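Below is the file coords31.txt, which contains compact mmCIF, C-alpha atoms.
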```txt
# COMPACT_ATOMS: atom_id res chain seq x y z
CA GLU A 286 117.44 87.19 61.99
CA GLN A 287 115.61 89.94 60.02
CA GLU A 288 112.84 87.47 59.14
CA GLN A 289 112.47 86.50 62.81
CA GLU A 290 112.25 90.17 63.79
CA GLN A 291 109.56 90.77 61.16
CA GLU A 292 107.57 87.79 62.49
CA GLN A 293 107.88 89.14 66.02
CA ASP A 294 106.67 92.57 64.84
CA GLN A 295 103.67 90.97 63.14
CA GLN A 296 102.86 89.02 66.29
CA GLY A 297 103.27 92.22 68.29
CA GLU A 298 100.76 94.06 66.04
CA GLY A 299 98.27 91.26 66.64
CA LEU A 300 98.70 91.57 70.37
CA GLY A 301 98.38 95.35 70.12
CA LYS A 302 94.92 95.03 68.55
CA THR A 303 93.68 92.97 71.49
CA GLY A 304 95.13 95.40 74.00
CA VAL A 305 97.61 92.88 75.49
CA GLY A 306 101.01 94.08 76.69
CA LEU A 307 100.53 97.66 75.47
CA HIS A 308 102.80 100.44 76.59
CA ALA A 309 101.29 103.87 77.20
CA GLY A 310 100.99 105.78 73.93
CA ARG A 311 102.02 102.83 71.70
CA THR A 312 100.04 100.58 69.36
CA LYS A 313 102.16 97.46 69.79
CA PRO A 314 104.07 95.87 72.67
CA LEU A 315 107.71 96.54 73.27
CA HIS A 316 109.98 93.62 72.46
CA ARG A 317 113.34 93.15 74.08
CA LYS A 318 115.09 94.99 71.26
CA ASN A 319 112.66 97.92 71.41
CA ALA A 320 112.71 97.97 75.21
CA ALA A 321 116.49 98.17 75.24
CA LYS A 322 116.43 100.90 72.60
CA ASN A 323 113.87 103.06 74.40
CA GLN A 324 115.18 102.29 77.92
CA ASP A 325 111.72 101.75 79.36
CA PRO A 326 112.43 101.36 83.11
CA ARG A 327 109.38 99.15 83.66
CA LEU A 328 110.36 96.60 81.02
CA THR A 329 114.14 96.56 81.32
CA THR A 330 115.84 94.44 83.93
CA PRO A 331 119.58 94.22 84.54
CA THR A 332 121.12 91.13 83.00
CA GLN A 333 123.66 90.97 85.80
CA PRO A 334 122.80 92.27 89.29
CA ARG A 335 125.23 94.71 90.81
CA LEU A 336 127.23 93.04 93.52
CA HIS A 337 128.46 95.20 96.37
CA ALA A 338 131.58 93.37 97.52
CA GLU A 339 132.52 94.87 100.86
CA PHE A 340 135.69 92.83 101.33
CA ASP A 341 137.86 90.78 99.03
CA LEU A 342 140.37 88.50 100.72
CA GLU A 343 142.55 88.23 97.63
CA ASN A 344 143.28 91.96 97.76
CA HIS A 345 144.85 91.63 101.20
CA VAL A 346 146.80 88.35 101.02
CA ALA A 347 150.21 88.53 99.41
CA PRO A 348 150.92 85.59 97.05
CA VAL A 349 154.05 83.57 97.68
CA PRO A 350 155.72 80.72 95.75
CA MET A 351 154.41 77.22 96.34
CA GLY A 352 157.76 76.12 97.66
CA ASP A 353 157.50 78.64 100.47
CA ILE A 354 154.00 77.44 101.27
CA LEU A 355 155.14 73.84 101.61
CA ALA A 356 158.08 74.95 103.71
CA ALA A 357 155.76 76.90 106.00
CA GLU A 358 153.44 73.91 106.31
CA HIS A 359 156.43 71.73 107.17
CA GLN A 360 157.43 74.16 109.93
CA LEU A 361 153.89 74.15 111.30
CA GLY A 362 153.96 70.37 111.37
CA LYS A 363 156.97 70.60 113.66
CA GLY A 364 155.13 72.97 115.99
CA GLU A 365 156.80 76.13 114.67
CA THR A 366 154.44 78.97 113.77
CA GLY A 367 156.37 81.15 111.35
CA ALA A 368 155.37 84.48 109.88
CA MET A 369 154.72 82.78 106.55
CA ALA A 370 151.48 81.29 107.98
CA GLY A 371 149.79 84.66 107.80
CA HIS A 372 150.66 85.23 104.14
CA LEU A 373 149.66 82.00 102.39
CA GLN A 374 147.96 82.36 99.04
CA CYS A 375 144.25 81.57 99.43
CA SER A 376 143.70 80.93 95.71
CA SER A 377 146.14 78.00 95.61
CA SER A 378 144.72 74.69 94.44
CA GLU A 379 147.19 72.68 96.53
CA GLU A 380 145.97 70.87 99.64
CA LEU A 381 146.62 72.64 102.92
CA GLY A 382 146.65 70.86 106.26
CA VAL A 383 143.98 71.75 108.81
CA ASP A 384 146.46 73.12 111.34
CA ALA A 385 148.27 75.16 108.69
CA PHE A 386 144.98 76.57 107.42
CA VAL A 387 143.83 77.56 110.91
CA GLN A 388 147.14 79.25 111.64
CA HIS A 389 146.92 81.02 108.30
CA VAL A 390 143.42 82.35 108.97
CA LEU A 391 144.31 83.42 112.50
CA GLY A 392 147.15 85.51 111.11
CA LEU A 393 145.03 87.40 108.60
CA SER A 394 144.58 91.10 109.26
CA VAL A 395 143.74 94.27 107.39
CA GLY A 396 145.66 97.20 108.76
CA ASN A 397 145.55 96.92 112.53
CA GLU A 398 142.25 95.00 112.63
CA GLN A 399 142.15 91.23 113.01
CA CYS A 400 139.72 89.32 110.82
CA ILE A 401 138.97 86.59 113.39
CA ALA A 402 136.77 87.96 116.17
CA HIS A 403 136.43 84.80 118.29
CA VAL A 404 137.69 81.21 118.43
CA HIS A 405 135.66 78.45 120.05
CA ASN A 406 137.13 74.99 120.57
CA HIS A 407 134.72 72.09 120.88
CA PRO A 408 136.52 69.07 122.38
CA ALA A 409 136.21 65.55 121.05
CA ARG A 410 133.52 63.30 122.53
CA GLN A 411 134.02 59.60 123.17
CA SER A 412 131.24 57.14 122.42
CA GLU A 413 129.05 55.89 125.24
CA HIS A 414 127.48 52.46 124.97
CA GLY A 415 124.72 50.81 126.93
CA THR A 416 122.95 47.49 127.40
CA LEU A 417 119.32 46.97 126.50
CA ARG A 418 116.98 45.99 129.32
CA CYS A 419 114.41 44.63 126.84
CA GLU A 420 115.24 41.49 124.89
CA LEU A 421 115.40 41.63 121.10
CA GLN A 422 114.37 38.78 118.86
CA GLU A 423 117.20 36.56 117.74
CA LYS A 424 116.29 37.22 114.11
CA LEU A 425 116.68 40.93 114.68
CA ARG A 426 119.99 40.48 116.48
CA ALA A 427 121.29 38.46 113.52
CA MET A 428 119.99 41.15 111.17
CA LEU A 429 121.90 43.85 113.06
CA ARG A 430 125.12 41.82 113.17
CA ALA A 431 124.94 41.23 109.42
CA ALA A 432 124.69 45.00 108.94
CA GLY A 433 127.80 45.57 111.08
CA ILE A 434 125.82 46.83 114.10
CA PRO A 435 126.65 44.89 117.29
CA PRO A 436 123.35 44.63 119.23
CA ASP A 437 125.22 44.67 122.56
CA ARG A 438 127.22 47.83 121.68
CA LEU A 439 124.50 50.32 120.83
CA TYR A 440 124.98 53.96 121.74
CA SER A 441 123.50 55.12 125.02
CA HIS A 442 120.82 57.30 123.42
CA GLN A 443 119.77 54.41 121.17
CA VAL A 444 119.47 52.11 124.19
CA GLN A 445 117.37 54.65 126.09
CA ALA A 446 115.00 55.19 123.15
CA ILE A 447 114.64 51.49 122.28
CA ASP A 448 113.94 50.54 125.91
CA ALA A 449 111.26 53.24 126.08
CA ALA A 450 109.61 52.06 122.85
CA LEU A 451 109.69 48.36 123.75
CA GLY A 452 108.36 49.28 127.19
CA GLY A 453 105.26 50.84 125.63
CA SER A 454 106.19 54.55 125.82
CA SER A 455 106.52 57.22 123.17
CA PHE A 456 109.80 59.11 122.85
CA VAL A 457 111.49 62.17 121.33
CA VAL A 458 115.15 61.87 120.28
CA THR A 459 117.04 65.13 119.76
CA THR A 460 120.65 64.10 119.22
CA ALA A 461 123.11 65.38 116.64
CA THR A 462 123.08 64.65 112.92
CA ALA A 463 124.50 61.24 111.91
CA SER A 464 124.20 59.93 115.49
CA GLY A 465 122.13 56.89 114.52
CA LYS A 466 118.65 58.22 115.27
CA SER A 467 117.07 55.97 112.63
CA LEU A 468 117.95 52.86 114.61
CA CYS A 469 116.06 54.30 117.58
CA PHE A 470 112.76 53.65 115.78
CA ASN A 471 113.75 51.00 113.20
CA ILE A 472 114.76 48.46 115.85
CA PRO A 473 111.46 48.61 117.82
CA VAL A 474 109.45 48.56 114.59
CA LEU A 475 111.30 45.56 113.15
CA ASN A 476 111.11 43.76 116.50
CA SER A 477 107.31 43.99 116.34
CA VAL A 478 107.07 43.14 112.63
CA LEU A 479 109.24 40.03 112.78
CA ASP A 480 107.31 36.90 113.82
CA PRO A 481 109.27 35.21 116.65
CA LEU A 482 107.47 31.90 116.02
CA GLY A 483 107.68 32.05 112.25
CA GLN A 484 109.94 29.74 110.33
CA GLY A 485 111.89 30.60 107.21
CA TYR A 486 111.99 33.70 105.07
CA ASP A 487 109.68 36.72 105.42
CA SER A 488 107.78 35.61 108.55
CA ARG A 489 105.83 38.63 109.79
CA THR A 490 103.16 39.53 112.29
CA SER A 491 100.08 41.66 111.69
CA SER A 492 101.73 44.72 113.28
CA ARG A 493 101.95 47.83 111.14
CA ALA A 494 104.04 50.99 111.33
CA LEU A 495 103.51 54.36 109.64
CA TYR A 496 106.52 56.58 108.90
CA LEU A 497 105.73 60.25 108.27
CA TYR A 498 108.33 62.44 106.55
CA PRO A 499 107.96 66.11 105.57
CA THR A 500 109.35 65.44 102.07
CA LYS A 501 109.20 62.57 99.60
CA ALA A 502 112.99 62.49 99.21
CA LEU A 503 113.49 61.74 102.93
CA ALA A 504 111.03 58.86 102.71
CA GLN A 505 112.91 57.36 99.76
CA ASP A 506 116.23 57.62 101.64
CA GLN A 507 114.79 55.82 104.65
CA LEU A 508 113.27 53.14 102.42
CA ARG A 509 116.67 52.31 100.95
CA ALA A 510 118.23 52.11 104.43
CA LEU A 511 115.41 49.86 105.67
CA GLN A 512 115.60 47.47 102.73
CA LYS A 513 119.35 47.19 103.12
CA LEU A 514 118.93 46.37 106.81
CA MET A 515 116.13 43.81 106.25
CA ASP A 516 117.85 41.86 103.49
CA PRO A 517 117.81 38.83 103.37
CA TRP A 518 115.46 38.14 106.32
CA LEU A 519 112.48 40.12 105.03
CA SER A 520 111.29 40.77 101.50
CA ALA A 521 111.60 44.18 99.90
CA SER A 522 107.80 44.55 99.99
CA THR A 523 107.88 44.67 103.81
CA ALA A 524 108.56 48.41 103.59
CA ALA A 525 107.13 50.60 100.83
CA VAL A 526 106.58 54.25 100.00
CA LEU A 527 103.07 55.49 99.32
CA ASP A 528 103.05 59.06 98.00
CA GLY A 529 102.07 61.04 94.93
CA ASP A 530 104.78 59.35 92.85
CA THR A 531 103.45 55.83 93.55
CA ALA A 532 101.74 54.44 90.44
CA MET A 533 97.99 53.91 90.78
CA SER A 534 98.36 50.35 89.48
CA VAL A 535 100.53 49.26 92.43
CA ARG A 536 98.99 51.23 95.30
CA SER A 537 96.58 48.49 96.32
CA GLU A 538 99.38 45.92 96.28
CA VAL A 539 101.62 48.21 98.35
CA THR A 540 99.01 48.76 101.05
CA ARG A 541 98.12 45.05 101.13
CA THR A 542 101.64 43.66 101.55
CA ALA A 543 103.64 46.38 103.33
CA SER A 544 104.09 46.19 107.09
CA ILE A 545 105.95 49.52 107.14
CA LEU A 546 104.35 52.31 105.12
CA LEU A 547 106.36 55.49 104.44
CA THR A 548 104.42 58.57 103.42
CA ASN A 549 104.01 62.30 104.11
CA PRO A 550 101.32 64.45 105.77
CA ASP A 551 99.93 65.63 102.43
CA MET A 552 99.35 62.07 101.16
CA LEU A 553 97.91 61.12 104.51
CA HIS A 554 95.43 64.01 104.30
CA VAL A 555 94.46 63.71 100.64
CA THR A 556 94.37 59.95 100.04
CA ILE A 557 94.76 57.71 103.09
CA LEU A 558 92.49 59.30 105.69
CA PRO A 559 89.54 60.13 103.38
CA LYS A 560 89.56 56.49 102.16
CA HIS A 561 90.32 54.95 105.54
CA ALA A 562 87.98 52.01 104.88
CA GLN A 563 90.40 50.80 102.18
CA TYR A 564 93.25 50.91 104.71
CA ALA A 565 91.32 49.42 107.63
CA HIS A 566 93.80 46.54 108.06
CA ILE A 567 96.61 49.08 108.48
CA PHE A 568 94.78 51.16 111.08
CA ARG A 569 93.70 48.07 113.06
CA GLY A 570 97.26 46.80 113.35
CA LEU A 571 98.99 50.17 113.64
CA LYS A 572 101.45 49.91 116.53
CA PHE A 573 103.95 52.69 115.79
CA VAL A 574 103.79 56.09 114.11
CA VAL A 575 107.21 57.59 113.36
CA LEU A 576 107.56 61.37 113.09
CA ASP A 577 111.03 61.95 111.71
CA GLU A 578 112.51 65.44 111.17
CA MET A 579 109.95 66.77 113.63
CA HIS A 580 111.64 70.18 113.79
CA MET A 581 110.43 70.92 110.25
CA TYR A 582 106.79 71.00 111.37
CA HIS A 583 106.48 74.66 112.27
CA GLY A 584 104.51 77.67 111.08
CA ALA A 585 101.53 77.13 108.78
CA PHE A 586 102.89 73.76 107.61
CA GLY A 587 103.27 72.58 111.22
CA MET A 588 99.74 73.71 112.08
CA HIS A 589 98.28 71.83 109.10
CA ALA A 590 100.31 68.70 109.95
CA ALA A 591 99.07 68.86 113.56
CA MET A 592 95.45 68.91 112.36
CA VAL A 593 96.09 65.90 110.10
CA ILE A 594 97.75 64.00 112.96
CA ARG A 595 94.74 64.66 115.20
CA ARG A 596 92.50 63.24 112.50
CA LEU A 597 94.80 60.21 112.23
CA ARG A 598 94.45 59.59 115.97
CA ARG A 599 90.65 59.74 115.75
CA ILE A 600 90.58 57.20 112.92
CA CYS A 601 92.97 54.89 114.80
CA LYS A 602 90.64 55.06 117.80
CA HIS A 603 87.72 54.20 115.52
CA TYR A 604 89.52 51.00 114.46
CA GLY A 605 90.59 50.12 117.99
CA SER A 606 94.32 50.96 117.88
CA SER A 607 96.40 53.35 119.97
CA PRO A 608 99.86 53.63 118.36
CA GLN A 609 103.03 54.78 120.07
CA TRP A 610 104.68 57.92 118.72
CA LEU A 611 108.38 57.68 117.95
CA CYS A 612 109.68 61.18 117.18
CA CYS A 613 113.12 62.33 116.06
CA SER A 614 114.26 65.89 115.66
CA ALA A 615 117.25 68.15 115.42
CA THR A 616 118.16 70.01 118.58
CA VAL A 617 115.15 72.03 119.75
CA GLY A 618 114.51 73.91 122.95
CA ALA A 619 111.38 72.07 124.15
CA PRO A 620 111.09 68.74 122.30
CA ALA A 621 108.37 67.25 124.51
CA GLN A 622 106.20 70.37 124.15
CA LEU A 623 106.64 70.33 120.37
CA ALA A 624 105.66 66.65 120.19
CA GLY A 625 102.65 67.37 122.39
CA GLN A 626 101.52 70.23 120.17
CA LEU A 627 101.77 68.05 117.06
CA THR A 628 100.02 64.97 118.48
CA ALA A 629 97.66 66.56 121.06
CA LEU A 630 99.19 64.24 123.69
CA PRO A 631 100.48 65.50 127.06
CA PRO A 632 104.20 66.32 126.91
CA SER A 633 104.77 64.15 129.98
CA SER A 634 103.84 61.07 127.93
CA PHE A 635 107.06 61.41 125.87
CA THR A 636 110.45 60.18 127.01
CA VAL A 637 112.99 62.82 125.98
CA VAL A 638 116.36 61.46 124.80
CA SER A 639 118.78 64.35 124.39
CA LYS A 640 122.16 63.08 125.64
CA ASP A 641 124.16 62.00 122.61
CA GLY A 642 126.19 58.83 123.01
CA SER A 643 127.78 58.82 119.55
CA PRO A 644 131.45 59.79 119.11
CA CYS A 645 132.46 63.16 117.73
CA GLY A 646 135.83 64.56 116.71
CA PRO A 647 137.19 67.91 117.88
CA LYS A 648 135.80 71.03 116.23
CA GLN A 649 137.15 74.54 116.02
CA PHE A 650 134.84 77.45 115.17
CA LEU A 651 136.39 80.65 113.83
CA LEU A 652 134.08 83.67 113.71
CA TRP A 653 135.10 85.78 110.73
CA ASN A 654 134.40 89.52 111.00
CA PRO A 655 136.10 91.34 108.10
CA PRO A 656 136.63 95.09 108.54
CA LEU A 657 134.62 97.59 106.54
CA LYS A 658 135.99 99.61 103.68
CA PRO A 659 136.88 103.20 104.57
CA ASP A 660 134.31 104.56 102.11
CA TRP A 661 131.58 102.10 103.10
CA ARG A 662 128.08 103.52 103.55
CA PRO A 663 125.07 101.51 104.75
CA ARG A 664 122.31 100.96 102.21
CA ARG A 665 118.68 101.00 103.28
CA LYS A 666 117.18 99.89 99.97
CA TRP A 667 117.55 96.90 97.70
CA HIS A 668 119.63 97.97 94.72
CA ALA A 669 117.20 96.30 92.29
CA GLU A 670 114.55 98.91 93.10
CA GLU A 671 116.74 101.66 91.69
CA GLU A 672 117.45 99.53 88.61
CA ARG A 673 113.73 99.04 87.94
CA ARG A 674 113.14 102.80 88.15
CA GLY A 675 116.01 103.49 85.78
CA GLY A 676 118.29 104.95 88.47
CA GLY A 677 116.61 108.39 88.34
CA ASP A 678 114.65 108.52 91.62
CA GLU A 679 116.07 111.63 93.26
CA GLY A 680 113.52 111.53 96.07
CA GLY A 681 114.55 107.99 96.99
CA ARG A 682 118.22 108.99 96.88
CA GLU A 683 117.58 111.92 99.23
CA GLU A 684 115.70 109.61 101.59
CA GLU A 685 118.61 107.17 101.56
CA GLU A 686 121.10 109.94 102.29
CA GLY A 687 118.96 111.05 105.23
CA LEU A 688 118.99 107.52 106.60
CA ASP A 689 122.76 107.34 106.16
CA ALA A 690 123.19 110.60 108.08
CA GLY A 691 121.01 109.29 110.90
CA PHE A 692 123.01 106.06 110.96
CA GLN A 693 126.30 107.95 111.24
CA GLN A 694 124.96 110.18 114.02
CA GLY A 695 123.68 107.17 115.94
```

Please express the file's structure as structure tokens.
Amino acid sequence: EQEQEQEQDQQGEGLGKTGVGLHAGRTKPLHRKNAAKNQDPRLTTPTQPRLHAEFDLENHVAPVPMGDILAAEHQLGKGETGAMAGHLQCSSSEELGVDAFVQHVLGLSVGNEQCIAHVHNHPARQSEHGTLRCELQEKLRAMLRAAGIPPDRLYSHQVQAIDAALGGSSFVVTTATASGKSLCFNIPVLNSVLDPLGQGYDSRTSSRALYLYPTKALAQDQLRALQKLMDPWLSASTAAVLDGDTAMSVRSEVTRTASILLTNPDMLHVTILPKHAQYAHIFRGLKFVVLDEMHMYHGAFGMHAAMVIRRLRRICKHYGSSPQWLCCSATVGAPAQLAGQLTALPPSSFTVVSKDGSPCGPKQFLLWNPPLKPDWRPRRKWHAEEERRGGGDEGGREEEEGLDAGFQQG
């Protein structure tokens, strides 16, 4: 350790001669050991940030034996709400039933103040199914049945979106997470890619589809879901990802064989659109453009993506194609307006699908509002600032006290 310190000192003297990392009035830089010794506030940082815990549940919940906990849970299962429910030990590693846990939390209090400020019950929702007006190819129907998806029992929002896409319209789907939004665009895309007159394995048309995702990970997830759905009717090369991680040696093969190309706005801007002549066969046959996770296109990133999408539309027009836009998003206030801003199309050209037909279990939301400590004072500064200055800024402390006084008077 002494030899390492001597080497560090020698390296520090070399840096001092070049004027790098010098401290005022010193000829060599301060190492960690020297900085800790001299307590230089500009070079020392706290190894562990100070945590201001305003409330600790464990300090207010009385522990009880596990036998009493199980007995209380048994009583709750019979519909009896005993006093033990408000005193269960939160640090227990044993499983606790949902009803017992809710009753336990509702009974928590500190002094005369309840910890739960509001309870909202969201009732269960039954599934709603519909019947497609447009006819699907028999190959696609067999593909869906093999995946455990009955083509005649699709959810109502899926039916509405698929009918709109197969009828030649663009759509925006804004249903809940895990409601089956991917099928809303995968079914129309596969229906156009599959050749109805083709015989045997991997019979495809010249139709193309472009899937745009804000991140590469989302594109990879959708690729796995697509390949699982297509097997064994279509080859794995039917859908492929083209992004910065795609090897240069296989990019030409991917663009030549893939009917469904998954990428992101950055790759579209940097590689595909500038070299559009190399992808002319894709732009000529482009029938669908999928904008998934549309709610993520906001701010500067959303503005840049909108400019790229406008350029994509101009290039498609140059090659004689006018693709439909199939958009999916989380719940947003004005989905048609957002889609119009991204694509420069009128909002009225999008069919909005917002009524969720997928089933959902009951949900109970408990709003937790723990009481404040008696000696609690509001802080107007980040505690790390005081640490960087060495904790000796009296002017800042006086300013903080003045703010506290104003807060208390208000």

Looking at all atoms listed in the file, which of A:Pro408, A:Gly642, A:Gly483, A:Pro656 is the one that sits closest to A:Gln443? A:Gly642

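Counting all atoms listed in the file and comparing A:Ala521, A:Ala502, A:Met515, A:Lys648, the residue that lies closest to A:Arg426 is A:Met515.
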
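Counting only C-alpha atoms, the residue from A:Val404, A:Ala385, A:Leu571, A:Val458 that sits nearest to A:Ser477 is A:Leu571.
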
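You will find atom CA of A:Gly529 at 24.7 Å from atom CA of A:Pro608.
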
Counting only C-alpha atoms, which of A:Ala402, A:Cys612, A:Leu381, A:Ala621 gets nearest to A:Tyr496? A:Cys612

Env of stretch 553-564 of chain A: 9 Å cut, atoms = only C-alpha atoms, seq-sep filter 6 positions within chain, self excluded. Answer as a list in words. Leu497, Asp528, Ser537, Thr540, Arg541, Ala590, Val593, Ile594, Arg596, Leu597 and Ile600 of chain A

May I have the residues within 8 Å of A:Pro644 as an MDAnalysis selection string, using all atoms listed in the file and disregarding those fewer than 6 positions away in the same chain? chainID A and resid 409:413

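Closest approach to A:Val390 from the set A:Cys645, A:Ala543, A:His403, A:Ile447 is made by A:His403, with distances taken over only C-alpha atoms.
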
Just give me the gap between atom CA of A:Ser492 and atom CA of A:Leu511 in Å, one decimal is fine. 16.5 Å
